[in-house]
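The next block is run17.txt, given as compact mmCIF, C-alpha atoms.
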# COMPACT_ATOMS: atom_id res chain seq x y z
CA MET A 1 120.37 78.63 104.04
CA LEU A 2 120.37 77.71 100.37
CA PHE A 3 117.58 78.60 98.01
CA ARG A 4 116.76 78.76 94.32
CA LEU A 5 115.46 81.68 92.30
CA LYS A 6 113.08 80.63 89.55
CA PRO A 7 112.30 83.21 86.81
CA VAL A 8 108.58 83.84 86.34
CA ALA A 9 106.75 86.01 83.80
CA PHE A 10 104.56 88.75 85.25
CA PRO A 11 101.37 87.37 83.60
CA ASP A 12 102.03 84.07 85.37
CA LEU A 13 102.00 85.62 88.85
CA PRO A 14 98.69 84.38 90.33
CA GLY A 15 96.59 87.45 90.99
CA TRP A 16 98.95 89.94 89.33
CA THR A 17 96.45 91.33 86.82
CA GLU A 18 93.97 92.11 89.62
CA ASP A 19 96.47 93.85 91.91
CA ASP A 20 96.47 97.60 92.47
CA PRO A 21 100.00 98.58 93.55
CA THR A 22 99.49 102.35 93.17
CA ASN A 23 100.09 103.16 96.84
CA LEU A 24 103.62 101.75 96.68
CA PHE A 25 104.90 104.74 94.74
CA ASP A 26 104.90 107.19 97.66
CA MET A 27 106.85 104.70 99.79
CA MET A 28 109.30 104.12 96.93
CA ALA A 29 109.85 107.87 96.58
CA ARG A 30 110.51 108.10 100.32
CA CYS A 31 113.04 105.25 100.03
CA ARG A 32 114.80 107.14 97.26
CA HIS A 33 114.99 110.23 99.46
CA GLN A 34 116.48 108.19 102.30
CA ILE A 35 119.10 106.62 100.03
CA VAL A 36 120.11 109.90 98.38
CA THR A 37 120.03 112.27 101.35
CA ALA A 38 120.91 110.05 104.29
CA LYS A 39 122.42 106.59 103.97
CA PRO A 40 122.03 103.79 101.40
CA TYR A 41 120.40 100.63 102.68
CA ARG A 42 122.70 97.77 103.54
CA THR A 43 122.93 95.18 100.77
CA GLY A 44 121.55 91.79 101.79
CA SER A 45 123.22 88.52 100.86
CA LEU A 46 120.96 88.20 97.81
CA GLY A 47 123.13 90.96 96.39
CA VAL A 48 120.64 93.59 95.25
CA SER A 49 122.14 96.96 96.19
CA ALA A 50 120.41 100.24 96.95
CA GLY A 51 122.25 101.70 93.96
CA GLU A 52 120.66 99.12 91.66
CA LEU A 53 117.21 99.88 93.07
CA LEU A 54 117.70 103.65 92.85
CA PRO A 55 116.74 104.20 89.16
CA ALA A 56 113.39 102.47 89.65
CA LEU A 57 112.80 104.25 92.96
CA THR A 58 113.50 107.55 91.20
CA ALA A 59 111.14 106.74 88.33
CA ALA A 60 108.40 105.85 90.83
CA SER A 61 107.93 109.54 91.66
CA GLU A 62 106.42 110.04 88.19
CA TYR A 63 103.62 107.55 88.89
CA ALA A 64 101.85 109.33 91.76
CA SER A 65 98.63 109.52 89.72
CA ALA A 66 98.99 106.20 87.90
CA SER A 67 96.07 103.87 87.27
CA PRO A 68 96.37 100.26 88.52
CA ALA A 69 97.21 99.11 84.98
CA GLN A 70 99.89 101.82 84.62
CA ALA A 71 101.30 100.88 88.01
CA ARG A 72 101.62 97.24 86.99
CA GLN A 73 103.26 98.32 83.72
CA PHE A 74 105.84 100.27 85.75
CA PHE A 75 106.91 97.14 87.60
CA GLU A 76 106.92 95.10 84.40
CA SER A 77 109.21 97.71 82.80
CA TRP A 78 111.73 97.93 85.63
CA PHE A 79 111.82 94.50 87.28
CA LYS A 80 112.05 90.77 86.71
CA PRO A 81 110.10 88.54 89.14
CA LEU A 82 111.82 85.47 90.63
CA LEU A 83 110.14 82.84 92.79
CA ILE A 84 112.14 82.04 95.93
CA GLU A 85 112.31 78.29 96.54
CA ARG A 86 114.11 76.85 99.55
CA LYS A 87 116.19 73.79 98.72
CA ASP A 88 115.02 72.04 101.88
CA GLY A 89 111.49 72.09 100.47
CA GLU A 90 110.04 74.30 103.21
CA SER A 91 107.35 76.65 101.94
CA GLY A 92 107.36 80.38 102.51
CA LEU A 93 105.58 81.75 105.56
CA VAL A 94 103.79 85.03 106.26
CA THR A 95 102.71 86.37 109.62
CA ALA A 96 101.55 89.89 110.39
CA TYR A 97 102.13 92.75 112.80
CA TYR A 98 100.40 96.00 113.67
CA GLU A 99 100.75 99.22 115.64
CA PRO A 100 98.87 98.90 118.94
CA GLU A 101 97.03 101.81 120.53
CA VAL A 102 97.12 101.91 124.31
CA GLU A 103 96.08 104.21 127.16
CA VAL A 104 99.00 105.56 129.19
CA ARG A 105 99.90 108.05 131.90
CA ALA A 106 102.90 110.37 132.00
CA GLU A 107 103.48 109.48 135.67
CA PRO A 108 102.94 106.15 137.41
CA ASP A 109 100.04 105.49 139.75
CA ALA A 110 98.47 102.43 141.35
CA GLU A 111 96.91 101.36 138.06
CA PHE A 112 99.37 102.59 135.42
CA ARG A 113 102.77 101.38 136.59
CA PHE A 114 104.44 99.43 133.75
CA PRO A 115 106.91 101.62 131.82
CA PHE A 116 108.05 101.99 128.25
CA TYR A 117 111.76 102.81 128.41
CA ARG A 118 114.00 104.98 126.26
CA ARG A 119 117.34 103.61 125.13
CA PRO A 120 119.75 103.64 128.11
CA ASP A 121 123.02 105.51 127.64
CA ASP A 122 125.06 102.41 128.52
CA ILE A 123 123.82 100.45 125.48
CA VAL A 124 126.29 100.36 122.59
CA ASP A 125 125.96 99.08 119.05
CA ILE A 126 128.16 96.08 118.36
CA ASP A 127 129.79 95.19 115.06
CA ASP A 128 132.86 93.29 113.95
CA ALA A 129 135.08 96.21 114.91
CA ASN A 130 134.22 96.25 118.63
CA ARG A 131 132.80 92.76 119.30
CA PRO A 132 134.61 91.19 122.29
CA ALA A 133 136.31 87.86 121.74
CA GLY A 134 133.88 85.01 122.37
CA PHE A 135 130.85 87.32 122.36
CA ASP A 136 127.74 85.79 120.77
CA PRO A 137 127.89 86.86 117.09
CA TYR A 138 124.10 87.31 117.10
CA PHE A 139 124.27 90.26 119.51
CA ALA A 140 124.05 93.67 117.84
CA PHE A 141 123.90 95.50 121.19
CA GLY A 142 125.74 95.24 124.48
CA ARG A 143 126.36 97.13 127.72
CA LEU A 144 129.41 99.34 128.15
CA ARG A 145 130.52 99.16 131.77
CA ASP A 146 133.90 100.17 133.20
CA GLY A 147 135.28 100.44 129.67
CA ARG A 148 134.28 96.91 128.69
CA ILE A 149 131.41 95.60 126.55
CA GLU A 150 129.33 92.87 128.13
CA GLU A 151 125.93 91.25 127.58
CA TYR A 152 123.09 93.56 128.55
CA PRO A 153 120.82 92.27 131.33
CA ASP A 154 117.67 90.61 130.08
CA ARG A 155 113.89 91.13 130.38
CA ALA A 156 113.65 89.62 133.85
CA ALA A 157 116.32 91.93 135.27
CA ILE A 158 114.74 95.01 133.69
CA ASP A 159 111.23 94.09 134.82
CA GLN A 160 112.55 93.65 138.35
CA GLY A 161 113.87 97.22 138.47
CA LEU A 162 117.29 97.37 136.81
CA LEU A 163 116.53 100.72 135.11
CA ARG A 164 114.30 102.23 137.79
CA GLY A 165 115.32 105.74 138.86
CA ARG A 166 117.32 106.59 135.73
CA GLY A 167 114.68 108.83 134.18
CA LEU A 168 114.22 106.62 131.11
CA GLU A 169 110.45 106.20 131.37
CA ILE A 170 108.49 107.53 128.39
CA ALA A 171 105.06 106.63 129.75
CA PHE A 172 103.31 104.09 131.97
CA CYS A 173 100.86 101.41 130.83
CA ARG A 174 98.14 99.57 132.73
CA SER A 175 99.21 96.04 131.69
CA LYS A 176 102.61 94.35 131.58
CA VAL A 177 101.16 92.02 128.95
CA ASP A 178 100.32 95.02 126.75
CA VAL A 179 103.89 96.27 127.19
CA PHE A 180 105.23 92.86 126.20
CA PHE A 181 103.18 92.65 123.00
CA ILE A 182 104.10 96.22 122.08
CA HIS A 183 107.73 95.11 122.37
CA ILE A 184 106.96 92.40 119.83
CA GLN A 185 105.24 94.84 117.47
CA GLY A 186 108.05 97.40 117.85
CA ALA A 187 105.82 100.51 117.92
CA ALA A 188 102.63 101.91 119.43
CA ARG A 189 100.38 104.95 119.62
CA LEU A 190 100.05 106.24 123.18
CA HIS A 191 96.78 107.87 124.24
CA TYR A 192 96.91 110.29 127.20
CA PRO A 193 93.91 111.40 129.31
CA ASP A 194 93.97 114.93 127.83
CA GLY A 195 93.54 113.57 124.29
CA THR A 196 97.21 113.83 123.32
CA VAL A 197 98.43 111.05 121.04
CA ARG A 198 102.12 110.23 120.84
CA ARG A 199 103.91 107.48 119.01
CA ILE A 200 106.82 105.38 120.18
CA THR A 201 108.93 103.27 117.89
CA TYR A 202 111.90 100.93 118.15
CA ALA A 203 115.22 102.47 119.24
CA ALA A 204 117.35 99.52 120.42
CA LYS A 205 117.17 96.21 122.26
CA THR A 206 119.18 94.24 124.76
CA GLY A 207 120.43 91.98 121.98
CA HIS A 208 119.12 88.63 123.21
CA ARG A 209 117.50 86.26 120.74
CA PHE A 210 113.74 86.49 120.35
CA SER A 211 112.15 83.48 122.05
CA PRO A 212 108.44 83.14 121.19
CA ILE A 213 106.24 82.46 124.19
CA GLY A 214 103.65 80.84 121.94
CA LYS A 215 106.14 78.11 121.12
CA LEU A 216 106.86 77.67 124.84
CA LEU A 217 103.15 77.24 125.63
CA ILE A 218 102.75 74.76 122.77
CA GLU A 219 105.69 72.70 124.02
CA ARG A 220 104.14 72.65 127.51
CA GLY A 221 100.83 71.47 126.09
CA GLU A 222 99.03 74.63 127.21
CA ILE A 223 97.96 75.77 123.71
CA ASP A 224 97.14 73.77 120.60
CA ALA A 225 99.69 74.38 117.83
CA ALA A 226 96.89 74.32 115.25
CA THR A 227 95.07 77.24 116.85
CA VAL A 228 97.84 79.32 118.45
CA SER A 229 97.47 83.05 117.86
CA MET A 230 98.11 86.31 119.65
CA ALA A 231 94.53 86.15 120.91
CA SER A 232 94.91 82.63 122.33
CA ILE A 233 98.21 83.55 124.02
CA ARG A 234 96.65 86.64 125.61
CA ASP A 235 93.71 84.54 126.78
CA TRP A 236 96.03 82.01 128.42
CA LEU A 237 98.01 84.76 130.17
CA ALA A 238 94.77 86.33 131.45
CA ARG A 239 93.71 82.98 132.93
CA HIS A 240 97.09 82.27 134.54
CA PRO A 241 98.18 85.56 136.20
CA VAL A 242 100.57 83.86 138.63
CA GLN A 243 102.58 82.43 135.71
CA VAL A 244 102.71 85.60 133.62
CA ASP A 245 106.17 86.77 134.69
CA ALA A 246 107.83 83.38 134.19
CA VAL A 247 106.32 83.03 130.72
CA LEU A 248 107.16 86.58 129.61
CA TRP A 249 110.70 86.29 130.95
CA HIS A 250 111.23 83.26 128.71
CA ASN A 251 111.72 85.86 125.97
CA ARG A 252 114.90 87.51 127.25
CA SER A 253 114.92 90.13 124.50
CA TYR A 254 113.82 93.60 125.65
CA ILE A 255 112.97 96.56 123.42
CA PHE A 256 113.70 100.25 124.00
CA PHE A 257 111.77 103.04 122.29
CA ARG A 258 112.03 106.60 121.07
CA ASP A 259 109.42 109.28 120.47
CA ALA A 260 108.17 109.64 116.91
CA PRO A 261 105.67 112.17 115.53
CA VAL A 262 102.18 111.27 114.33
CA ASP A 263 102.25 113.60 111.33
CA ASP A 264 99.75 111.59 109.29
CA SER A 265 97.36 109.33 111.18
CA ALA A 266 96.77 107.29 108.00
CA LEU A 267 100.42 106.20 107.90
CA GLY A 268 102.03 103.62 110.13
CA PRO A 269 105.21 104.11 112.15
CA VAL A 270 108.61 104.78 110.64
CA ALA A 271 110.12 101.36 109.98
CA ALA A 272 113.69 100.11 109.88
CA ALA A 273 114.00 101.53 106.36
CA LYS A 274 113.44 105.00 107.91
CA VAL A 275 110.18 105.63 106.03
CA PRO A 276 106.54 105.41 107.20
CA ILE A 277 104.86 102.12 106.38
CA VAL A 278 101.44 101.55 104.81
CA ALA A 279 98.94 98.91 105.90
CA GLY A 280 98.73 95.92 103.59
CA ARG A 281 101.65 97.00 101.41
CA SER A 282 104.66 97.03 103.76
CA LEU A 283 106.62 93.86 104.38
CA ALA A 284 109.16 93.00 107.07
CA VAL A 285 111.89 90.69 105.72
CA ASP A 286 115.18 89.15 106.76
CA ARG A 287 117.54 92.07 106.21
CA GLN A 288 120.52 89.74 106.22
CA ILE A 289 119.23 88.44 102.87
CA HIS A 290 117.08 91.19 101.37
CA THR A 291 117.68 94.91 100.84
CA PHE A 292 115.15 97.49 101.98
CA GLY A 293 113.28 99.08 99.08
CA THR A 294 112.99 95.80 97.19
CA PRO A 295 109.49 95.02 95.85
CA PHE A 296 107.93 91.59 96.40
CA PHE A 297 104.77 89.90 95.19
CA ILE A 298 103.26 87.74 97.93
CA ARG A 299 100.68 85.08 97.15
CA SER A 300 98.97 83.01 99.84
CA GLU A 301 96.08 80.77 98.91
CA GLY A 302 95.12 80.18 102.55
CA LEU A 303 95.33 83.80 103.69
CA THR A 304 91.89 85.14 102.83
CA HIS A 305 90.66 87.29 105.71
CA LEU A 306 92.78 90.30 104.66
CA ASP A 307 91.11 90.48 101.24
CA GLY A 308 87.44 89.83 101.83
CA GLY A 309 87.67 86.07 101.40
CA GLU A 310 89.96 86.12 98.37
CA PRO A 311 93.50 84.66 98.42
CA PHE A 312 96.11 87.26 99.37
CA ALA A 313 98.00 88.43 96.27
CA ARG A 314 99.74 91.78 96.50
CA THR A 315 102.82 93.69 95.47
CA MET A 316 104.61 94.85 98.61
CA LEU A 317 107.74 96.77 99.56
CA ALA A 318 110.41 95.47 101.94
CA LEU A 319 110.67 98.22 104.57
CA ASP A 320 111.08 96.51 107.91
CA THR A 321 112.63 93.56 109.71
CA GLY A 322 112.23 91.65 112.96
CA SER A 323 113.97 89.13 115.19
CA ALA A 324 111.54 86.37 114.22
CA ILE A 325 111.74 87.09 110.47
CA VAL A 326 114.47 84.72 109.35
CA GLY A 327 114.87 83.14 105.92
CA PRO A 328 114.59 84.07 102.24
CA ASN A 329 110.84 83.49 101.97
CA ARG A 330 109.71 84.66 105.39
CA GLY A 331 107.74 87.88 105.78
CA ASP A 332 105.63 89.93 108.18
CA ILE A 333 102.72 91.95 106.78
CA PHE A 334 101.87 95.29 108.41
CA THR A 335 98.09 95.42 108.91
CA GLY A 336 97.71 98.95 110.31
CA SER A 337 97.05 100.63 113.67
CA GLY A 338 94.57 99.93 116.43
CA TYR A 339 92.43 97.07 117.70
CA ALA A 340 90.96 96.03 114.34
CA ALA A 341 94.42 95.86 112.79
CA GLY A 342 95.58 93.77 115.73
CA ASP A 343 92.70 91.36 115.24
CA LEU A 344 93.69 90.97 111.58
CA ALA A 345 97.36 90.48 112.41
CA GLY A 346 96.73 87.99 115.18
CA HIS A 347 95.22 85.46 112.79
CA VAL A 348 97.90 85.49 110.09
CA ARG A 349 100.22 82.51 109.91
CA ASN A 350 100.03 81.11 106.40
CA ALA A 351 102.10 79.39 103.76
CA ALA A 352 102.94 81.78 100.93
CA ASP A 353 104.86 82.10 97.69
CA PHE A 354 107.45 84.89 97.64
CA PHE A 355 108.34 86.49 94.30
CA VAL A 356 111.21 88.96 94.63
CA PHE A 357 111.42 91.72 92.00
CA ILE A 358 115.01 92.09 90.78
CA PRO A 359 115.95 95.23 88.80
CA LYS A 360 116.35 94.25 85.16
CA THR A 361 119.83 95.78 85.12
CA ALA A 362 120.92 93.21 87.72
CA ALA A 363 118.81 90.24 86.58
CA GLN A 364 121.59 88.59 84.57
CA ARG A 365 123.42 87.79 87.80
CA TYR A 366 120.57 85.50 88.77
CA GLU A 367 120.41 83.40 85.60
CA HIS A 368 121.61 80.32 87.48
CA GLY A 369 118.99 80.86 90.15
CA GLU A 370 121.12 79.93 93.19
CA GLY A 371 121.12 81.78 96.49
The structure given in the file should be rewritten as structure tokens.
Amino acid sequence: MLFRLKPVAFPDLPGWTEDDPTNLFDMMARCRHQIVTAKPYRTGSLGVSAGELLPALTAASEYASASPAQARQFFESWFKPLLIERKDGESGLVTAYYEPEVEVRAEPDAEFRFPFYRRPDDIVDIDDANRPAGFDPYFAFGRLRDGRIEEYPDRAAIDQGLLRGRGLEIAFCRSKVDVFFIHIQGAARLHYPDGTVRRITYAAKTGHRFSPIGKLLIERGEIDAATVSMASIRDWLARHPVQVDAVLWHNRSYIFFRDAPVDDSALGPVAAAKVPIVAGRSLAVDRQIHTFGTPFFIRSEGLTHLDGGEPFARTMLALDTGSAIVGPNRGDIFTGSGYAAGDLAGHVRNAADFFVFIPKTAAQRYEHGEG
């Protein structure tokens, strides 16, 4: 996909002077820690490396008590904003995601019988070094069986008992639809009868492409494309219980989870960037193009319900990714945890302008503005 990068001055970013990006600094400091002590983030095709982001991420630790004006000055000192414009004329798009909270049981019973699974031991990561000849290049996971890598069975096979009896169950949920949507969100807080709260987060997946069931229902004429949302999809599924399995199995991708602590209830789950995310300031991006730790400024005239009726205009940090997040100006906003956050997320699907912040030390590479 080809795109242009158009230089923009900070004062010309619509809504910049009203933004308060102070709560990005803790996330930036955590990104620095991850890069320095663990593993640098993979460089996306845009070409911004973790090493080029590192000086600004390091300096961010000095701004923990900054005022909004000082915070904006930090970004103006370290970065150059560039508007991402697709050459095919398509506008940018933002959606949103959240961390569901759901009641569970440690053991199955007649009511709670739909499991969340840990990563099976026969799943292997796939890269260019071990990818079998002719294997779909999209697949990042496969099944190792009898010394050979093959496609992992899909959602239908797993729902029908493929993994039963292997001791992979983390907990059991009341609703298979809840399990499905938690797969889409990639994390959840689990509430047990004794008051214990645990968190699960993404560990692996079968590898199949994400196939949105909303699109399927639109194509069948079941839901109006103008009003489709998570709420309308859930409503349709509730009214058509006999068709639930067939619709859910349309999305062959299946997610596996791992336990994660809830050290700070105000923070979201640990994202793909290996740091906790913050509601309203964390952005999922296409990691094939963008590098984790990169700041963005997102402006959406039509997205108003996240900011009390005002157009959405915020500095955000790229910390996560997702199967449906594809393209240079495509993003997913994290709205928080729980029912209210889910209600906010379920109504976000808006055109948006994406301004990527390039470190000034690397900005000269983008003078021609081609991507």
Quiz prompt | Which of A:Leu144, A:Ile289, A:Ala260, A:Ile325 sits closest to Leu2 of chain A [using all atoms listed in the file] | solution =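 So, comparing all the options, the nearest one is A:Ile289.
Here atom CA of Pro68 of chain A and atom CA of Gly268 of chain A stand 22.6 Å from one another.
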Quiz item: Quick one: of A:His183, A:Arg131, A:Arg143, A:Arg198, who's nearest to Asp264 of chain A, counting all atoms listed in the file?
Solution: A:Arg198
Quiz prompt | Straight-line distance linking atom CA of Ser229 of chain A with atom CA of Leu216 of chain A, stated in Å to one decimal | solution =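 Atom CA of Leu216 of chain A lies 12.9 Å from atom CA of Ser229 of chain A.
Checking A:Lys176, A:Arg287, A:His347, A:Lys205 one by one against Val244 of chain A, counting all atoms listed in the file, you find the shortest gap at A:Lys176.
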Quiz item: Could you work out how far atom CA of Thr201 of chain A lies from atom CA of Tyr98 of chain A, giving the answer in Å with one decimal?
Solution: 12.0 Å
Quiz item: Which one of A:Phe139, A:Phe172, A:Phe74, A:Phe79 sits closest to Leu24 of chain A if you count only C-alpha atoms?
Solution: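 Checking each of A:Phe139, A:Phe172, A:Phe74, A:Phe79 against Leu24 of chain A, counting only C-alpha atoms, the winner is A:Phe74.
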